[in-house]
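**Student:** My structure is in model_0.cif, and what it holds is mmCIF, C-alpha atoms and all ligand atoms:
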data_start
#
loop_
_atom_site.label_atom_id
_atom_site.label_comp_id
_atom_site.auth_asym_id
_atom_site.auth_seq_id
_atom_site.Cartn_x
_atom_site.Cartn_y
_atom_site.Cartn_z
CA MET A 149 125.35 92.64 93.66
CA SER A 150 125.39 91.26 97.21
CA MET A 151 122.70 89.12 98.83
CA THR A 152 121.90 89.93 102.47
CA THR A 153 120.78 87.25 104.94
CA VAL A 154 118.43 89.70 106.67
CA LYS A 155 114.79 89.50 105.58
CA ILE A 156 113.77 92.43 103.38
CA ALA A 157 110.16 93.59 102.96
CA LEU A 158 108.64 96.28 100.80
CA VAL A 159 105.30 97.79 101.80
CA THR A 160 103.54 100.18 99.43
CA GLY A 161 101.55 103.14 100.75
CA ALA A 162 103.58 102.84 103.95
CA ASN A 163 103.46 106.47 105.03
CA LYS A 164 100.18 106.13 106.92
CA GLY A 165 97.24 103.92 107.87
CA LEU A 166 97.52 100.18 107.39
CA GLY A 167 100.76 100.41 105.40
CA PHE A 168 102.51 102.23 108.21
CA GLU A 169 101.29 99.79 110.85
CA THR A 170 102.12 96.76 108.69
CA SER A 171 105.65 98.13 108.29
CA ARG A 172 105.97 98.58 112.05
CA GLN A 173 104.76 95.06 112.86
CA LEU A 174 107.06 93.48 110.26
CA ALA A 175 110.03 95.53 111.48
CA ARG A 176 109.31 94.41 115.06
CA GLN A 177 109.99 90.86 113.83
CA GLY A 178 113.54 91.89 112.85
CA ILE A 179 112.70 92.42 109.19
CA THR A 180 114.22 95.38 107.33
CA VAL A 181 111.24 97.24 105.90
CA LEU A 182 111.39 99.44 102.84
CA MET A 183 108.54 101.87 103.36
CA ALA A 184 107.36 102.91 99.91
CA SER A 185 105.58 106.22 99.65
CA ARG A 186 104.70 108.47 96.73
CA SER A 187 105.50 111.50 98.88
CA SER A 188 109.13 111.93 99.90
CA ILE A 189 108.25 114.17 102.82
CA ARG A 190 105.56 111.87 104.25
CA GLY A 191 107.55 108.70 103.51
CA LYS A 192 110.78 109.97 105.08
CA ALA A 193 108.89 111.10 108.18
CA ALA A 194 107.19 107.68 108.50
CA ALA A 195 110.49 105.79 108.20
CA ARG A 196 112.09 108.16 110.74
CA THR A 197 109.28 107.43 113.20
CA LEU A 198 110.00 103.69 113.04
CA ARG A 199 113.76 104.19 113.22
CA ASP A 200 113.20 106.31 116.35
CA GLU A 201 111.51 103.22 117.80
CA GLY A 202 114.72 101.29 117.14
CA LEU A 203 113.39 99.49 114.05
CA ASN A 204 115.04 98.93 110.66
CA ALA A 205 112.97 101.01 108.29
CA GLU A 206 113.95 102.91 105.18
CA PHE A 207 112.04 105.20 102.88
CA ILE A 208 111.75 104.31 99.20
CA HIS A 209 110.13 106.68 96.72
CA LEU A 210 107.33 104.93 94.86
CA ASP A 211 104.13 106.03 93.22
CA VAL A 212 102.79 102.69 91.99
CA THR A 213 101.30 104.34 88.90
CA ARG A 214 104.73 105.58 87.73
CA PRO A 215 106.59 102.89 85.72
CA GLU A 216 109.91 104.77 85.92
CA GLN A 217 109.68 104.88 89.72
CA ILE A 218 108.87 101.14 89.78
CA ARG A 219 111.95 100.45 87.63
CA LYS A 220 114.12 102.63 89.84
CA ALA A 221 112.88 101.00 93.04
CA ALA A 222 113.50 97.51 91.65
CA ALA A 223 117.02 98.49 90.54
CA GLU A 224 117.78 99.98 93.96
CA ILE A 225 116.60 96.86 95.80
CA ARG A 226 118.63 94.64 93.43
CA ARG A 227 121.76 96.74 93.97
CA ARG A 228 121.43 97.05 97.75
CA TYR A 229 120.00 93.68 98.78
CA GLY A 230 120.00 91.34 95.78
CA LYS A 231 116.58 89.92 96.72
CA LEU A 232 113.18 90.74 98.19
CA ASP A 233 111.53 88.41 100.72
CA ILE A 234 108.18 90.12 101.25
CA LEU A 235 106.03 92.39 99.09
CA VAL A 236 102.92 93.87 100.68
CA ASN A 237 100.83 95.52 97.97
CA ASN A 238 98.98 97.82 100.35
CA ALA A 239 98.64 101.14 98.47
CA GLY A 240 95.03 101.72 97.52
CA THR A 241 92.49 104.33 96.64
CA SER A 242 88.82 104.82 95.86
CA ALA A 243 87.58 107.43 93.43
CA ASP A 244 83.91 106.48 93.77
CA GLY A 245 82.87 109.48 95.88
CA ALA A 246 79.33 109.50 97.34
CA HIS A 247 80.28 107.46 100.36
CA GLY A 248 77.79 104.72 101.16
CA ARG A 249 75.97 104.86 97.82
CA ASN A 250 75.94 102.38 94.97
CA SER A 251 78.01 104.22 92.31
CA THR A 252 77.47 101.68 89.50
CA GLU A 253 75.03 103.77 87.43
CA THR A 254 77.00 107.00 87.70
CA ILE A 255 80.72 106.22 88.04
CA SER A 256 82.73 108.03 85.36
CA PRO A 257 85.33 106.31 83.17
CA ARG A 258 87.86 108.72 84.66
CA ALA A 259 87.11 107.65 88.22
CA LEU A 260 87.17 104.01 87.19
CA ARG A 261 90.58 104.45 85.52
CA LYS A 262 91.95 106.38 88.47
CA THR A 263 90.99 103.62 90.87
CA PHE A 264 92.22 100.81 88.63
CA ASP A 265 95.50 102.66 87.91
CA VAL A 266 96.50 102.43 91.57
CA ASN A 267 94.69 99.35 92.86
CA VAL A 268 95.20 97.07 89.85
CA PHE A 269 97.59 98.23 87.11
CA GLY A 270 100.17 99.69 89.51
CA LEU A 271 99.97 96.66 91.78
CA VAL A 272 100.40 94.21 88.89
CA GLU A 273 103.26 96.12 87.25
CA LEU A 274 105.15 96.53 90.53
CA THR A 275 104.75 92.85 91.37
CA GLN A 276 105.94 91.77 87.93
CA LYS A 277 109.01 94.00 88.11
CA LEU A 278 109.90 92.76 91.61
CA LEU A 279 109.24 89.07 90.91
CA PRO A 280 112.81 88.23 89.80
CA LEU A 281 114.02 89.56 93.19
CA ILE A 282 111.26 87.78 95.12
CA LYS A 283 112.20 84.51 93.40
CA LYS A 284 115.74 84.96 94.79
CA SER A 285 114.30 84.77 98.33
CA GLY A 286 114.22 81.35 99.92
CA ALA A 287 110.63 82.05 101.02
CA GLY A 288 109.03 84.83 98.98
CA ARG A 289 105.70 86.12 100.24
CA ILE A 290 103.38 88.41 98.28
CA VAL A 291 100.39 89.89 100.07
CA ASN A 292 97.79 91.70 98.00
CA VAL A 293 95.69 93.91 100.23
CA ALA A 294 92.23 93.42 98.76
CA SER A 295 88.93 93.88 100.60
CA ILE A 296 85.85 91.90 101.43
CA LEU A 297 84.20 94.42 99.06
CA GLY A 298 85.99 92.57 96.25
CA SER A 299 84.16 89.35 97.05
CA MET A 300 81.67 88.58 94.26
CA THR A 301 80.27 85.71 96.33
CA ILE A 302 79.32 88.10 99.11
CA HIS A 303 78.06 90.87 96.80
CA SER A 304 75.86 88.44 94.88
CA SER A 305 74.45 86.72 97.93
CA GLN A 306 71.05 87.69 99.31
CA GLY A 307 71.48 90.44 101.90
CA GLY A 308 75.23 90.22 101.34
CA MET A 309 76.53 93.78 101.19
CA SER A 310 74.59 96.97 100.53
CA TYR A 311 77.71 99.17 100.30
CA LYS A 312 78.62 99.03 96.59
CA PRO A 313 81.23 101.56 95.41
CA PHE A 314 81.70 100.02 91.96
CA ALA A 315 85.18 101.21 91.00
CA TYR A 316 86.68 100.21 94.32
CA ASP A 317 84.87 96.88 94.56
CA ALA A 318 85.66 95.84 90.98
CA SER A 319 89.30 96.83 91.42
CA LYS A 320 89.57 94.62 94.51
CA THR A 321 87.90 91.75 92.62
CA CYS A 322 90.70 92.15 90.04
CA VAL A 323 93.29 92.12 92.82
CA ASN A 324 91.84 88.80 93.92
CA ALA A 325 91.95 87.48 90.35
CA PHE A 326 95.62 88.47 90.22
CA THR A 327 96.25 86.58 93.47
CA ILE A 328 94.69 83.40 92.08
CA HIS A 329 96.43 83.64 88.70
CA LEU A 330 99.85 84.53 90.08
CA ALA A 331 99.71 81.81 92.75
CA ALA A 332 98.96 79.31 89.98
CA ALA A 333 101.84 80.63 87.88
CA LEU A 334 104.19 80.28 90.86
CA ALA A 335 102.95 76.87 92.03
CA GLY A 336 105.86 74.64 92.97
CA THR A 337 108.16 77.59 93.76
CA ASN A 338 109.06 79.07 97.17
CA VAL A 339 106.79 82.06 96.54
CA LYS A 340 103.34 82.27 98.14
CA VAL A 341 100.70 84.78 97.04
CA ASN A 342 97.60 85.58 99.10
CA SER A 343 94.94 88.27 99.39
CA ALA A 344 94.24 90.01 102.69
CA HIS A 345 91.10 91.71 103.96
CA PRO A 346 92.17 93.90 106.90
CA GLY A 347 88.64 94.37 108.22
CA TRP A 348 86.98 97.77 108.49
CA VAL A 349 89.77 99.87 109.92
CA LYS A 350 90.03 103.40 111.31
CA THR A 351 92.25 105.10 108.73
CA ASP A 352 91.79 108.01 106.34
CA MET A 353 90.08 105.54 103.99
CA GLY A 354 88.11 103.58 106.59
CA GLY A 355 86.94 106.69 108.45
CA PRO A 356 86.53 107.36 112.15
CA GLY A 357 83.50 105.07 112.53
CA ALA A 358 85.43 101.89 111.76
CA PRO A 359 85.59 99.36 114.60
CA LEU A 360 89.22 98.21 114.17
CA SER A 361 92.44 100.06 114.94
CA PRO A 362 95.26 100.03 112.35
CA GLU A 363 97.20 97.79 114.78
CA GLU A 364 94.41 95.20 114.61
CA GLY A 365 93.84 95.67 110.88
CA ALA A 366 97.48 95.11 109.94
CA GLY A 367 97.45 91.64 111.52
CA THR A 368 96.15 89.80 108.46
CA ALA A 369 98.79 91.16 106.07
CA VAL A 370 101.56 90.56 108.62
CA ARG A 371 100.47 86.95 109.12
CA LEU A 372 100.38 86.29 105.36
CA ALA A 373 103.74 88.04 104.88
CA THR A 374 105.39 85.71 107.38
CA LEU A 375 103.76 82.36 106.54
CA ASP A 376 105.74 79.18 107.09
CA ALA A 377 106.67 76.92 104.18
CA ASP A 378 103.54 74.81 104.79
CA GLY A 379 101.25 77.86 104.74
CA PRO A 380 98.58 78.47 102.09
CA THR A 381 98.93 80.15 98.72
CA GLY A 382 96.30 81.49 96.33
CA LYS A 383 93.81 82.16 99.14
CA PHE A 384 91.89 85.12 100.60
CA PHE A 385 91.95 85.74 104.36
CA HIS A 386 90.75 87.98 107.15
CA GLY A 387 92.76 87.01 110.19
CA GLU A 388 92.82 83.21 110.20
CA ASP A 389 89.47 82.98 108.41
CA GLU A 390 89.39 82.12 104.72
CA LEU A 391 87.01 84.35 102.74
CA PRO A 392 85.03 83.46 99.59
CA TRP A 393 86.17 85.01 96.28
N1 LIG B 401 90.62 100.98 106.03
C1 LIG B 401 89.80 99.99 105.72
O1 LIG B 401 88.74 99.81 106.36
C2 LIG B 401 90.14 99.03 104.61
C3 LIG B 401 89.30 97.92 104.41
C4 LIG B 401 89.60 97.00 103.41
C5 LIG B 401 90.72 97.19 102.64
N2 LIG B 401 91.52 98.30 102.82
C6 LIG B 401 92.70 98.43 101.97
O2 LIG B 401 93.85 98.60 102.77
C7 LIG B 401 94.85 99.35 102.05
C8 LIG B 401 95.35 100.48 102.92
O3 LIG B 401 94.26 101.34 103.19
P1 LIG B 401 94.19 102.38 104.40
O4 LIG B 401 92.90 102.17 105.06
O5 LIG B 401 95.45 102.36 105.16
O6 LIG B 401 94.04 103.74 103.56
P2 LIG B 401 94.79 105.15 103.65
O7 LIG B 401 95.05 105.52 105.06
O8 LIG B 401 93.99 106.04 102.78
O9 LIG B 401 96.22 104.85 102.97
C9 LIG B 401 96.33 104.56 101.61
C10 LIG B 401 97.80 104.57 101.25
O10 LIG B 401 97.93 104.29 99.85
C11 LIG B 401 98.79 105.29 99.30
N3 LIG B 401 98.56 105.50 97.88
C12 LIG B 401 97.47 105.93 97.22
N4 LIG B 401 97.74 106.07 95.91
C13 LIG B 401 99.02 105.70 95.73
C14 LIG B 401 99.89 105.63 94.61
N5 LIG B 401 99.51 105.99 93.39
N6 LIG B 401 101.17 105.19 94.80
C15 LIG B 401 101.59 104.84 96.03
N7 LIG B 401 100.85 104.93 97.13
C16 LIG B 401 99.57 105.35 96.97
C17 LIG B 401 98.48 106.54 100.12
O11 LIG B 401 99.49 107.52 99.93
P3 LIG B 401 99.20 109.10 100.20
O12 LIG B 401 99.30 109.31 101.68
O13 LIG B 401 100.29 109.76 99.43
O14 LIG B 401 97.83 109.38 99.66
C18 LIG B 401 98.48 105.92 101.51
O15 LIG B 401 99.80 105.72 101.96
C19 LIG B 401 94.18 99.80 100.76
O16 LIG B 401 94.53 98.94 99.70
C20 LIG B 401 92.69 99.66 101.06
O17 LIG B 401 91.92 99.47 99.91
C21 LIG B 401 91.26 99.20 103.79
#
Represent the supplied structure as structure tokens.
**Tutor:**
Amino acid sequence: MSMTTVKIALVTGANKGLGFETSRQLARQGITVLMASRSSIRGKAAARTLRDEGLNAEFIHLDVTRPEQIRKAAAEIRRRYGKLDILVNNAGTSADGAHGRNSTETISPRALRKTFDVNVFGLVELTQKLLPLIKKSGAGRIVNVASILGSMTIHSSQGGMSYKPFAYDASKTCVNAFTIHLAAALAGTNVKVNSAHPGWVKTDMGGPGAPLSPEEGAGTAVRLATLDADGPTGKFFHGEDELPW
């Protein structure tokens, strides 16, 4: 096993949307980005696009709900690089349906499980499996892409948020819980863990009516992925603004 001096980042769900743009912005900082995608065709094409721009980007096959693919990805990173500096847990989904409605009374257990499988269980398992490699970095950074829709403070405040897709929102609340708990577990180490809210962004998930471009939306995750040693850990941000849990 060799340990490279170049910074290595892994971004999940990197084939499109915010994951793709986060990969591009990290790679523009001279970081080698492993663009994880559950589709080989889409993931290879995305990595090729960034390489054509002169950036260091490689495809890595990873469906975050597939433990054997997580194990394989971790083994490959260990063999090739010996460490991981940045993990951006960006892959996400919503199985709520009925866009704009409150799904709490009707959401099926199947839709709940489907959402949690990707947004929570996959994210946690991947992070746990990569942690030994992240601890080998001199400055490990874990960014959990959550959402303001995971904020219980905002949901429970008067006039806070009428958009309430339950599976998605609850999954992002769990992502935030993971951020807090993992940051506490890693206190005193070189590893920082934070949650990012990208804003409402024009992607397949955000839809065409969103006000932010993916370039703008990726900024929060990129900032948290490249924090200095005196930067925060165990916090929730949109841009430079700290958000309530
Ligand atoms: N857009 C917004 O307004 C907004 C706001 C707040 C938070 N977010 C969060 O930002 C993140 C990125 O969202 P986006 O807007 O870029 O959405 P998107 O365009 O729909 O992209 C989602 C990405 O996640 C991947 N993915 C889904 N299930 C996966 C799995 N099982 N394994 C691996 N990858 C999987 C998708 O892969 P496929 O292409 O194969 O489906 C895709 O690459 C998500 O966590 C989302 O919740 C977005």
**Student:** Which residues are near ligand LIG 401 (chain B) - at most 7 Å, using only C-alpha atoms and all ligand atoms? Format: as an MDAnalysis selection string.
**Tutor:** chainID A and resid 160:167 185:187 210:213 238:241 266:267 293:296 345:354 358
**Student:** Can you write out as a tab-separated table which residues of range 187-260 of chain A fall within 10 Å of range 311-316 of chain A, alongside each residue's closest atom pair and its distance in Å to one decimal, counting all atoms listed in the file and ordering rows by chain and ascending residue number?
**Tutor:**
residue	atom	partner	partner_atom	distance
A:Gly240	CA	A:Tyr316	CA	9.1
A:Thr241	CA	A:Tyr316	CA	7.5
A:Ser242	CA	A:Tyr316	CA	5.3
A:Ala243	CA	A:Ala315	CA	7.1
A:Asp244	CA	A:Pro313	CA	5.8
A:Gly245	CA	A:Pro313	CA	8.1
A:Ala246	CA	A:Pro313	CA	8.4
A:His247	CA	A:Pro313	CA	7.8
A:Gly248	CA	A:Tyr311	CA	5.6
A:Arg249	CA	A:Tyr311	CA	6.4
A:Asn250	CA	A:Lys312	CA	4.6
A:Ser251	CA	A:Pro313	CA	5.2
A:Thr252	CA	A:Phe314	CA	5.2
A:Glu253	CA	A:Phe314	CA	8.9
A:Thr254	CA	A:Phe314	CA	9.4
A:Ile255	CA	A:Ala315	CA	7.3
A:Ser256	CA	A:Ala315	CA	9.2
A:Pro257	CA	A:Ala315	CA	9.3
A:Ala259	CA	A:Ala315	CA	7.3
A:Leu260	CA	A:Ala315	CA	5.1
**Student:** Nearest to Arg289 in chain A among A:Leu203, A:Leu274, A:Cys322, A:Ala369, with distances taken over all atoms listed in the file: which residue is it?
**Tutor:**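 Among the listed residues, A:Ala369 lies closest to Arg289 in chain A.
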**Student:** Skipping near chain neighbours, those fewer than 4 positions away, what residues fall within 9 Å of range 232-237 of chain A using all atoms listed in the file, listed as a short mmCIF file (atom, residue, chain, number, x, y, z; two decimals) with C-alpha atoms, keeping the file's coordinate frame?
**Tutor:**
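In the end it all went to selection-v3.cif:
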data_model
loop_
_atom_site.label_atom_id
_atom_site.label_comp_id
_atom_site.auth_asym_id
_atom_site.auth_seq_id
_atom_site.Cartn_x
_atom_site.Cartn_y
_atom_site.Cartn_z
CA LYS A 155 114.79 89.50 105.58
CA ILE A 156 113.77 92.43 103.38
CA ALA A 157 110.16 93.59 102.96
CA LEU A 158 108.64 96.28 100.80
CA VAL A 159 105.30 97.79 101.80
CA THR A 160 103.54 100.18 99.43
CA GLY A 161 101.55 103.14 100.75
CA GLY A 167 100.76 100.41 105.40
CA THR A 170 102.12 96.76 108.69
CA ILE A 225 116.60 96.86 95.80
CA ARG A 226 118.63 94.64 93.43
CA ASN A 267 94.69 99.35 92.86
CA LEU A 271 99.97 96.66 91.78
CA LEU A 274 105.15 96.53 90.53
CA THR A 275 104.75 92.85 91.37
CA LEU A 278 109.90 92.76 91.61
CA LEU A 279 109.24 89.07 90.91
CA PRO A 280 112.81 88.23 89.80
CA LEU A 281 114.02 89.56 93.19
CA ILE A 282 111.26 87.78 95.12
CA LYS A 283 112.20 84.51 93.40
CA LYS A 284 115.74 84.96 94.79
CA SER A 285 114.30 84.77 98.33
CA GLY A 286 114.22 81.35 99.92
CA ALA A 287 110.63 82.05 101.02
CA GLY A 288 109.03 84.83 98.98
CA ARG A 289 105.70 86.12 100.24
CA ILE A 290 103.38 88.41 98.28
CA VAL A 291 100.39 89.89 100.07
CA ASN A 292 97.79 91.70 98.00
CA VAL A 293 95.69 93.91 100.23
CA ALA A 294 92.23 93.42 98.76
CA VAL A 339 106.79 82.06 96.54
CA ALA A 369 98.79 91.16 106.07
CA VAL A 370 101.56 90.56 108.62
CA ALA A 373 103.74 88.04 104.88
CA THR A 374 105.39 85.71 107.38
#
**Student:** Between A:Leu297, A:Ala193, A:Val272, A:Met183, single out the one closest to Ala318 in chain A, counting only C-alpha atoms.
**Tutor:**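 Looking only at the distances to Ala318 in chain A, the closest residue turns out to be A:Leu297.
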**Student:** Looking at all atoms listed in the file, which of A:Ile179, A:Ala331, A:Ala344, A:Ala377 is the one that sits closest to Asp389 in chain A?
**Tutor:**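 The answer is A:Ala344, which sits nearest to Asp389 in chain A.
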**Student:** What's around Gly298 in chain A at 6 Å? Count only C-alpha atoms, leave out sequence neighbours fewer than 6 positions away in its own chain, and write the answer as a PyMOL selection string.
**Tutor:** chain A and resi 317+320-321
**Student:** Smallest atom-to-atom distance to Leu174 in chain A: which of A:Glu363, A:Asp200, A:Glu224, A:Asp265, using all atoms listed in the file?
**Tutor:**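 The shortest atom-to-atom distance to Leu174 in chain A comes from A:Glu363.
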**Student:** Under the rule that only C-alpha atoms are counted, which of A:Val181, A:Leu198, A:Leu334, A:Ile328 is the nearest residue to Val154 in chain A?
**Tutor:**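 Looking only at the distances to Val154 in chain A, the closest residue turns out to be A:Val181.
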**Student:** One number please: CA of Ala223 in chain A to CA of Ala205 in chain A, in Å, one decimal.
**Tutor:**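 Separation between CA of Ala223 in chain A and CA of Ala205 in chain A: 18.4 Å.
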**Student:** Please identify all polymer residues within 7 Å of Gly387 in chain A, counting only C-alpha atoms, omitting same-chain residues fewer than 2 positions from it, and present them as a PyMOL selection string.
**Tutor:** chain A and resi 367-368+385+389
**Student:** Considering all atoms listed in the file, return as a VMD selection string whatever protein or nucleic-acid residues lie within 9 Å of Met151 in chain A, sequence-local ones (same chain, fewer than 2 positions apart) excluded.
**Tutor:** chain A and resid 149 153 to 154 226 228 to 231
**Student:** Would you mind telling me which residue in A:Ala194, A:Leu372, A:Val268, A:Ile208 lies nearest to Phe326 in chain A when using all atoms listed in the file?
**Tutor:**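 Among the listed residues, the smallest separation from Phe326 in chain A belongs to A:Val268.
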**Student:** Could you please determine the separation between CA of Val323 in chain A and CA of Gly382 in chain A in Å, to one decimal place?
**Tutor:**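 Going from CA of Val323 in chain A over to CA of Gly382 in chain A covers 11.6 Å.
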**Student:** Just how far from CA of Leu360 in chain A is CA of Thr197 in chain A, in Å to one decimal?
**Tutor:** 22.1 Å
**Student:** As AutoDock Vina command-line options, what would the box around range 311-321 of chain A look like: edges along x, y and z, 3 Å added on every side, centre and edge lengths in Å to one decimal?
**Tutor:**
--center_x 83.6 --center_y 96.7 --center_z 95.6 --size_x 17.9 --size_y 15.8 --size_z 15.3
**Student:** All heavy atoms are needed for range 379-388 of chain A; please write them out as a compact mmCIF listing (two decimals), keeping the file's coordinate frame.
**Tutor:**
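Generated output (out38.txt):
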# COMPACT_ATOMS: atom_id res chain seq x y z
N GLY A 379 102.42 76.97 104.76
CA GLY A 379 101.25 77.86 104.74
C GLY A 379 100.56 77.86 103.38
O GLY A 379 101.08 77.33 102.40
N PRO A 380 99.37 78.47 103.33
CA PRO A 380 98.58 78.47 102.09
C PRO A 380 99.12 79.41 101.02
O PRO A 380 99.90 80.32 101.32
CB PRO A 380 97.22 78.97 102.58
CG PRO A 380 97.54 79.82 103.77
CD PRO A 380 98.73 79.20 104.43
N THR A 381 98.69 79.18 99.80
CA THR A 381 98.93 80.15 98.72
C THR A 381 97.70 80.18 97.83
O THR A 381 96.95 79.20 97.74
CB THR A 381 100.21 79.79 97.91
OG1 THR A 381 100.48 80.87 97.00
CG2 THR A 381 100.08 78.50 97.14
N GLY A 382 97.47 81.34 97.21
CA GLY A 382 96.30 81.49 96.33
C GLY A 382 94.99 81.55 97.08
O GLY A 382 93.95 81.13 96.56
N LYS A 383 95.02 82.08 98.31
CA LYS A 383 93.81 82.16 99.14
C LYS A 383 93.54 83.60 99.58
O LYS A 383 94.38 84.48 99.40
CB LYS A 383 93.96 81.28 100.39
CG LYS A 383 94.27 79.83 100.09
CD LYS A 383 93.06 79.10 99.57
CE LYS A 383 93.34 77.61 99.41
NZ LYS A 383 92.29 76.95 98.63
N PHE A 384 92.37 83.79 100.21
CA PHE A 384 91.89 85.12 100.60
C PHE A 384 91.51 85.02 102.08
O PHE A 384 90.67 84.19 102.45
CB PHE A 384 90.67 85.44 99.73
CG PHE A 384 90.03 86.78 99.90
CD1 PHE A 384 90.71 87.87 100.45
CD2 PHE A 384 88.72 86.99 99.47
CE1 PHE A 384 90.11 89.11 100.57
CE2 PHE A 384 88.10 88.22 99.58
CZ PHE A 384 88.80 89.28 100.14
N PHE A 385 92.14 85.86 102.92
CA PHE A 385 91.95 85.74 104.36
C PHE A 385 91.58 87.05 105.04
O PHE A 385 92.01 88.13 104.62
CB PHE A 385 93.25 85.27 105.04
CG PHE A 385 93.59 83.84 104.78
CD1 PHE A 385 94.51 83.51 103.79
CD2 PHE A 385 93.02 82.83 105.52
CE1 PHE A 385 94.82 82.19 103.55
CE2 PHE A 385 93.34 81.50 105.28
CZ PHE A 385 94.25 81.19 104.28
N HIS A 386 90.84 86.92 106.12
CA HIS A 386 90.75 87.98 107.15
C HIS A 386 91.14 87.29 108.45
O HIS A 386 90.45 86.37 108.90
CB HIS A 386 89.34 88.55 107.24
CG HIS A 386 89.19 89.48 108.41
ND1 HIS A 386 89.98 90.60 108.58
CD2 HIS A 386 88.37 89.44 109.50
CE1 HIS A 386 89.64 91.20 109.70
NE2 HIS A 386 88.67 90.53 110.28
N GLY A 387 92.24 87.73 109.04
CA GLY A 387 92.76 87.01 110.19
C GLY A 387 93.09 85.58 109.77
O GLY A 387 93.74 85.36 108.74
N GLU A 388 92.59 84.63 110.53
CA GLU A 388 92.82 83.21 110.20
C GLU A 388 91.70 82.67 109.33
O GLU A 388 91.75 81.53 108.87
CB GLU A 388 92.85 82.37 111.50
CG GLU A 388 93.88 82.82 112.52
CD GLU A 388 95.17 82.01 112.47
OE1 GLU A 388 95.12 80.88 111.96
OE2 GLU A 388 96.20 82.53 112.92
